[in-house]
>>> print(open('entry-v8.cif').read())   # mmCIF, C-alpha atoms
data_upload
#
loop_
_atom_site.label_atom_id
_atom_site.label_comp_id
_atom_site.auth_asym_id
_atom_site.auth_seq_id
_atom_site.Cartn_x
_atom_site.Cartn_y
_atom_site.Cartn_z
CA MET A 811 39.50 -162.78 53.35
CA SER A 812 40.76 -163.20 56.93
CA ILE A 813 39.61 -166.08 59.10
CA ARG A 814 38.24 -163.56 61.59
CA PHE A 815 36.17 -161.79 58.93
CA THR A 816 34.97 -165.10 57.47
CA SER A 817 33.88 -166.25 60.93
CA PHE A 818 32.06 -162.97 61.52
CA VAL A 819 30.24 -163.20 58.19
CA PHE A 820 29.22 -166.78 58.92
CA SER A 821 27.93 -165.76 62.35
CA LEU A 822 25.83 -163.08 60.67
CA SER A 823 24.53 -165.71 58.28
CA LEU A 824 23.39 -167.98 61.08
CA LEU A 825 21.67 -165.11 62.85
CA TRP A 826 20.02 -164.03 59.64
CA CYS A 827 18.68 -167.55 59.09
CA PHE A 828 16.96 -167.23 62.45
CA ASP A 829 15.73 -163.76 61.51
CA ALA A 830 14.40 -164.94 58.15
CA PHE A 831 12.49 -167.86 59.64
CA GLY A 832 11.19 -165.62 62.42
CA GLY A 833 9.56 -163.31 59.91
CA ARG A 834 11.49 -160.14 60.76
CA SER A 835 12.66 -158.14 57.74
CA LEU A 836 15.49 -155.80 56.87
CA PRO A 837 14.27 -152.86 54.76
CA LEU A 838 17.05 -152.83 52.14
CA ARG A 839 16.93 -156.60 51.70
CA GLN A 840 13.16 -156.44 51.35
CA LYS A 841 13.45 -153.76 48.65
CA VAL A 842 15.67 -156.08 46.60
CA LEU A 843 13.24 -158.96 46.94
CA ASP A 844 10.25 -156.73 46.17
CA GLU A 845 11.86 -155.37 42.99
CA ALA A 846 12.81 -158.85 41.78
CA ASP A 847 9.25 -160.03 42.42
CA ARG A 848 7.79 -156.98 40.69
CA ILE A 849 9.74 -157.67 37.48
CA LEU A 850 8.89 -161.37 37.68
CA ASN A 851 5.19 -160.57 37.89
CA LEU A 852 5.24 -158.46 34.74
CA ALA A 853 5.05 -161.83 32.98
CA ASN A 854 5.88 -160.45 29.53
CA VAL A 855 9.65 -159.95 29.74
CA SER A 856 11.78 -162.09 27.45
CA TYR A 857 15.33 -163.28 28.02
CA VAL A 858 17.63 -161.76 25.42
CA TYR A 859 21.41 -162.02 25.64
CA GLY A 860 22.52 -158.38 25.99
CA GLY A 861 19.00 -157.19 26.84
CA ARG A 862 19.24 -154.39 29.37
CA LYS A 863 15.98 -152.50 29.83
CA LEU A 864 12.29 -152.71 30.57
CA GLY A 865 10.11 -150.63 28.28
CA ALA A 866 6.40 -150.02 28.20
CA ALA A 867 4.09 -153.04 28.07
CA ALA A 868 3.57 -152.50 24.34
CA ALA A 869 7.31 -152.78 23.72
CA CYS A 870 7.49 -155.98 25.77
CA ASP A 871 4.58 -157.48 23.85
CA GLN A 872 6.17 -156.50 20.54
CA CYS A 873 9.42 -158.16 21.57
CA THR A 874 7.54 -161.32 22.58
CA SER A 875 5.71 -161.42 19.23
CA CYS A 876 8.94 -160.91 17.29
CA LEU A 877 10.72 -163.72 19.12
CA GLY A 878 7.74 -166.03 18.70
CA GLU A 879 7.66 -165.41 14.97
CA LYS A 880 11.37 -165.48 14.13
CA LYS A 881 12.58 -167.90 16.82
CA PRO A 882 16.22 -166.75 16.75
CA SER A 883 18.88 -168.33 18.96
CA LYS A 884 19.43 -166.59 22.28
CA GLU A 885 22.79 -165.23 21.09
CA ASN A 886 21.29 -163.61 17.97
CA ARG A 887 18.05 -162.18 19.32
CA LEU A 888 19.12 -158.53 19.38
CA LEU A 889 20.32 -158.77 15.78
CA SER A 890 17.25 -160.63 14.55
CA CYS A 891 14.67 -158.62 16.51
CA PRO A 892 15.93 -155.06 17.13
CA VAL A 893 12.64 -154.20 18.86
CA CYS A 894 13.78 -156.45 21.71
CA ARG A 895 16.28 -153.75 22.68
CA GLU A 896 13.32 -151.84 24.12
CA CYS A 897 12.20 -154.55 26.53
CA SER A 898 14.40 -157.54 27.39
CA LEU A 899 16.91 -158.66 30.00
CA ASP A 900 19.71 -161.11 30.47
CA CYS A 901 20.77 -162.46 33.87
CA SER A 902 23.42 -159.82 34.64
CA ASN A 903 21.23 -156.91 33.57
CA PHE A 904 18.37 -158.32 35.63
CA VAL A 905 20.63 -158.13 38.70
CA ARG A 906 21.75 -154.60 37.82
CA LEU A 907 18.17 -153.42 37.31
CA VAL A 908 16.84 -154.99 40.52
CA PHE A 909 19.51 -153.46 42.75
CA ASN A 910 19.41 -150.04 41.11
CA ARG A 911 15.62 -149.94 41.46
CA ALA A 912 16.06 -150.91 45.11
CA GLY A 913 18.22 -147.81 45.59
CA MET A 914 21.67 -149.43 45.60
CA LYS A 915 24.09 -148.16 42.98
CA THR A 916 25.13 -151.25 41.01
CA PRO A 917 27.28 -150.96 37.88
CA TYR A 918 26.89 -153.62 35.22
CA LEU A 919 29.06 -156.72 35.54
CA THR A 920 29.10 -159.82 33.36
CA THR A 921 29.13 -163.18 35.11
CA LEU A 922 32.70 -163.65 33.92
CA GLN A 923 33.70 -160.41 35.64
CA MET A 924 31.84 -161.43 38.80
CA ARG A 925 33.86 -164.64 38.86
CA GLU A 926 37.28 -163.27 37.94
CA ILE A 927 37.56 -159.82 39.55
CA GLY A 928 39.37 -159.94 42.88
CA ARG A 929 37.74 -159.23 46.24
CA LYS A 930 39.22 -155.77 46.77
CA ARG A 931 38.25 -154.48 43.35
CA LEU A 932 34.79 -156.04 43.52
CA LEU A 933 34.14 -154.15 46.74
CA LYS A 934 35.81 -150.85 45.89
CA GLN A 935 34.57 -150.40 42.31
CA TYR A 936 31.34 -152.38 42.24
CA GLY A 937 30.06 -152.63 45.83
CA TRP A 938 30.03 -156.42 46.09
CA VAL A 939 31.41 -158.37 49.05
CA ASP A 940 32.84 -161.73 48.01
CA LEU A 941 31.78 -164.36 50.55
CA GLY A 942 33.52 -167.25 48.85
CA SER A 943 31.85 -170.31 47.35
CA LYS A 944 30.15 -171.96 50.34
CA ALA A 945 26.42 -172.26 49.62
CA SER A 946 25.59 -172.16 53.35
CA ARG A 947 26.62 -168.49 53.50
CA ALA A 948 23.99 -167.33 51.01
CA LEU A 949 21.08 -165.26 52.35
CA PRO A 950 18.04 -163.67 50.70
CA GLY A 951 19.19 -160.82 48.47
CA ASP A 952 22.60 -162.38 47.76
CA LEU A 953 23.87 -163.36 44.32
CA LEU A 954 24.87 -166.90 43.39
CA VAL A 955 27.40 -166.88 40.56
CA TYR A 956 27.78 -169.93 38.32
CA PRO A 957 29.67 -170.49 35.06
CA GLY A 958 27.83 -168.13 32.70
CA HIS A 959 24.89 -167.39 34.99
CA VAL A 960 23.85 -165.42 38.07
CA VAL A 961 20.70 -165.60 40.22
CA ILE A 962 19.30 -163.74 43.23
CA VAL A 963 18.47 -165.73 46.36
CA GLU A 964 14.84 -165.07 47.23
CA ARG A 965 14.11 -167.37 50.18
CA LEU A 966 15.90 -169.82 52.44
CA LEU A 967 14.43 -173.15 53.46
CA LYS A 968 17.64 -174.16 55.20
CA PRO A 969 21.29 -173.15 54.74
CA GLY A 970 22.25 -173.80 51.12
CA VAL A 971 18.71 -174.60 49.93
CA GLY A 972 15.90 -172.29 48.90
CA ASP A 973 14.27 -170.30 46.10
CA VAL A 974 15.95 -168.08 43.51
CA VAL A 975 14.74 -165.59 40.90
CA HIS A 976 16.61 -164.85 37.67
CA ALA A 977 16.49 -163.98 33.99
CA THR A 978 16.98 -167.22 32.09
CA SER A 979 16.84 -168.86 28.69
CA GLY A 980 16.92 -172.36 30.18
CA SER A 981 14.50 -175.26 30.06
CA GLU A 982 12.31 -173.63 32.72
CA VAL A 983 11.21 -170.98 30.19
CA ARG A 984 7.91 -171.85 28.51
CA GLY A 985 8.42 -169.39 25.66
CA PRO A 986 8.92 -165.71 24.82
CA GLY A 987 7.68 -163.39 27.54
CA HIS A 988 8.62 -165.77 30.35
CA GLY A 989 12.29 -164.92 30.68
CA ILE A 990 12.10 -164.03 34.40
CA GLN A 991 11.55 -167.13 36.48
CA ARG A 992 11.39 -168.28 40.10
CA GLN A 993 12.90 -171.67 40.85
CA THR A 994 12.08 -173.38 44.13
CA LEU A 995 13.84 -175.95 46.32
CA ILE A 996 17.18 -175.21 44.72
CA HIS A 997 20.41 -176.67 46.09
CA PHE A 998 22.61 -173.62 45.71
CA ASP A 999 25.90 -175.48 45.39
CA ARG A 1000 24.98 -177.24 42.14
CA TYR A 1001 22.06 -175.44 40.49
CA LYS A 1002 23.68 -174.17 37.26
CA GLY A 1003 26.93 -176.05 37.57
CA PRO A 1004 29.29 -175.64 40.51
CA LEU A 1005 28.67 -172.55 42.64
CA GLN A 1006 31.64 -170.24 42.15
CA LYS A 1007 30.84 -167.21 44.31
CA VAL A 1008 28.33 -165.84 46.76
CA LEU A 1009 28.18 -162.04 46.49
CA ARG A 1010 26.46 -159.68 48.92
CA HIS A 1011 25.95 -155.99 48.24
CA LYS A 1012 27.93 -153.89 50.72
CA ASP A 1013 24.78 -152.00 51.75
CA LEU A 1014 23.03 -155.25 52.66
CA LEU A 1015 26.02 -156.38 54.70
CA SER A 1016 26.15 -153.02 56.48
CA GLU A 1017 22.44 -153.20 57.28
CA LEU A 1018 22.83 -156.73 58.59
CA ARG A 1019 25.78 -155.82 60.79
CA LYS A 1020 23.90 -152.92 62.35
CA LYS A 1021 20.98 -155.19 63.19
CA VAL A 1022 22.86 -158.15 64.64
CA ARG A 1023 25.87 -156.61 66.37
CA PRO A 1024 23.84 -155.93 69.53
CA GLN A 1025 22.77 -159.59 69.47
CA LEU A 1026 26.38 -160.73 69.09
CA GLY A 1027 27.32 -158.53 72.05
CA ARG A 1028 24.75 -160.27 74.25
CA ARG A 1029 25.97 -163.76 73.40
#
>>> encode(input="entry-v8.cif", output="structure tokens")
Amino acid sequence: MSIRFTSFVFSLSLLWCFDAFGGRSLPLRQKVLDEADRILNLANVSYVYGGRKLGAAAACDQCTSCLGEKKPSKENRLLSCPVCRECSLDCSNFVRLVFNRAGMKTPYLTTLQMREIGRKRLLKQYGWVDLGSKASRALPGDLLVYPGHVVIVERLLKPGVGDVVHATSGSEVRGPGHGIQRQTLIHFDRYKGPLQKVLRHKDLLSELRKKVRPQLGRR
């Protein structure tokens, strides 16, 4: 990434921080946040490694009951409870589902692929702009990629600190049916290990540029 492009992206980030605190919204960004919140509020979705869909409420409840009874490890849940294939998510599939429901074509990527695929291929084949690993560049709607995990930034309190929403099997989960969680007051650079990448969907970056370029021109 060129120094000029990096500087431009960071300028957009600073302007967006002002925009976020001022209460103005960007429609595409808001769709992402609304979809993430909608899935979170279903309150009966379990984390299952390899889980990739949301079914009817009855399927979600059946999955929750199966996991509660058999208590399989997170790696073996799909084998132990086949019904969970009808309603469960892991972190990468949560991201895919949120962005596709928000109207942005988003092919599935594992967290390992998010970390290891180069910038050009990430953008051309998958639609993600790699902003590097500086937590201060993350804005609402961006992805934070950690070793083995990915989350969506939901709100900024200040650069590098805010709230995230994700599918998780971690200690924050109270039990089956609570696999989608919101975590608040997160320091992005060290939440699930060292922050490895900040990714922004190309459509969100395009929308942001269109909004703030006139402001940059007046400065």
>>> resolve_selection(input="entry-v8.cif", expression="the PyMOL selection byres ((chain A and resi 903) around 10)", output="compact mmCIF listing (two decimals) with C-alpha atoms, keeping the file's coordinate frame")
# COMPACT_ATOMS: atom_id res chain seq x y z
CA TYR A 859 21.41 -162.02 25.64
CA GLY A 860 22.52 -158.38 25.99
CA GLY A 861 19.00 -157.19 26.84
CA ARG A 862 19.24 -154.39 29.37
CA LYS A 863 15.98 -152.50 29.83
CA SER A 898 14.40 -157.54 27.39
CA LEU A 899 16.91 -158.66 30.00
CA ASP A 900 19.71 -161.11 30.47
CA CYS A 901 20.77 -162.46 33.87
CA SER A 902 23.42 -159.82 34.64
CA PHE A 904 18.37 -158.32 35.63
CA VAL A 905 20.63 -158.13 38.70
CA ARG A 906 21.75 -154.60 37.82
CA LEU A 907 18.17 -153.42 37.31
CA VAL A 908 16.84 -154.99 40.52
CA PHE A 909 19.51 -153.46 42.75
CA PRO A 917 27.28 -150.96 37.88
CA TYR A 918 26.89 -153.62 35.22
CA LEU A 919 29.06 -156.72 35.54
CA THR A 920 29.10 -159.82 33.36
CA VAL A 960 23.85 -165.42 38.07
CA ALA A 977 16.49 -163.98 33.99
>>> resolve_selection(input="entry-v8.cif", expression="the PyMOL selection byres ((chain A and resi 1014) around 9)", output="ChimeraX atom specification")
/A:836,838-839,951-952,1010-1013,1015-1019
>>> closest_residue(input="entry-v8.cif", among="A:Ala866, A:Cys891, A:Leu953, A:Leu850", to="Glu879 (chain A)", atoms="only C-alpha atoms")
A:Cys891
>>> atom_distance(input="entry-v8.cif", atom1="CA of Gly913 (chain A)", atom2="CA of Ile962 (chain A)")
16.1 Å
>>> atom_distance(input="entry-v8.cif", atom1="CA of Thr994 (chain A)", atom2="CA of Asp973 (chain A)")
4.3 Å
>>> closest_residue(input="entry-v8.cif", among="A:Leu864, A:Leu933, A:Val858, A:Leu949", to="Asn886 (chain A)", atoms="all atoms listed in the file")
A:Val858
>>> closest_residue(input="entry-v8.cif", among="A:Phe998, A:Ile849, A:Val855, A:Pro837", to="Val983 (chain A)", atoms="all atoms listed in the file")
A:Val855
>>> resolve_selection(input="entry-v8.cif", expression="the PyMOL selection byres ((chain A and resi 854) around 10)", output="ChimeraX atom specification")
/A:849-853,855-857,867-874,897-898,986-990
>>> atom_distance(input="entry-v8.cif", atom1="CA of Leu967 (chain A)", atom2="CA of Trp938 (chain A)")
24.0 Å
>>> axis_aligned_box(input="entry-v8.cif", around="region 934-941 of chain A", padding_each_side="5 Å", output="lines of an AutoDock Vina configuration file")
center_x = 32.9
center_y = -157.4
center_z = 46.4
size_x = 15.8
size_y = 24.0
size_z = 18.3
>>> residues_near_point(input="entry-v8.cif", point="(14.7, -162.6, 45.2)", cutoff="7 Å", atoms="only C-alpha atoms", output="MDAnalysis selection string")
chainID A and resid 842:843 846:847 950:951 962:965 974:975
>>> write_last_selection(input="entry-v8.cif", atoms="C-alpha atoms", output="PDB file, keeping the file's coordinate frame")
ATOM      1  CA  VAL A 842      15.670-156.080  46.600  1.00  0.00           C
ATOM      2  CA  LEU A 843      13.240-158.960  46.940  1.00  0.00           C
ATOM      3  CA  ALA A 846      12.810-158.850  41.780  1.00  0.00           C
ATOM      4  CA  ASP A 847       9.250-160.030  42.420  1.00  0.00           C
ATOM      5  CA  PRO A 950      18.040-163.670  50.700  1.00  0.00           C
ATOM      6  CA  GLY A 951      19.190-160.820  48.470  1.00  0.00           C
ATOM      7  CA  ILE A 962      19.300-163.740  43.230  1.00  0.00           C
ATOM      8  CA  VAL A 963      18.470-165.730  46.360  1.00  0.00           C
ATOM      9  CA  GLU A 964      14.840-165.070  47.230  1.00  0.00           C
ATOM     10  CA  ARG A 965      14.110-167.370  50.180  1.00  0.00           C
ATOM     11  CA  VAL A 974      15.950-168.080  43.510  1.00  0.00           C
ATOM     12  CA  VAL A 975      14.740-165.590  40.900  1.00  0.00           C
TER      13      VAL A 975
END
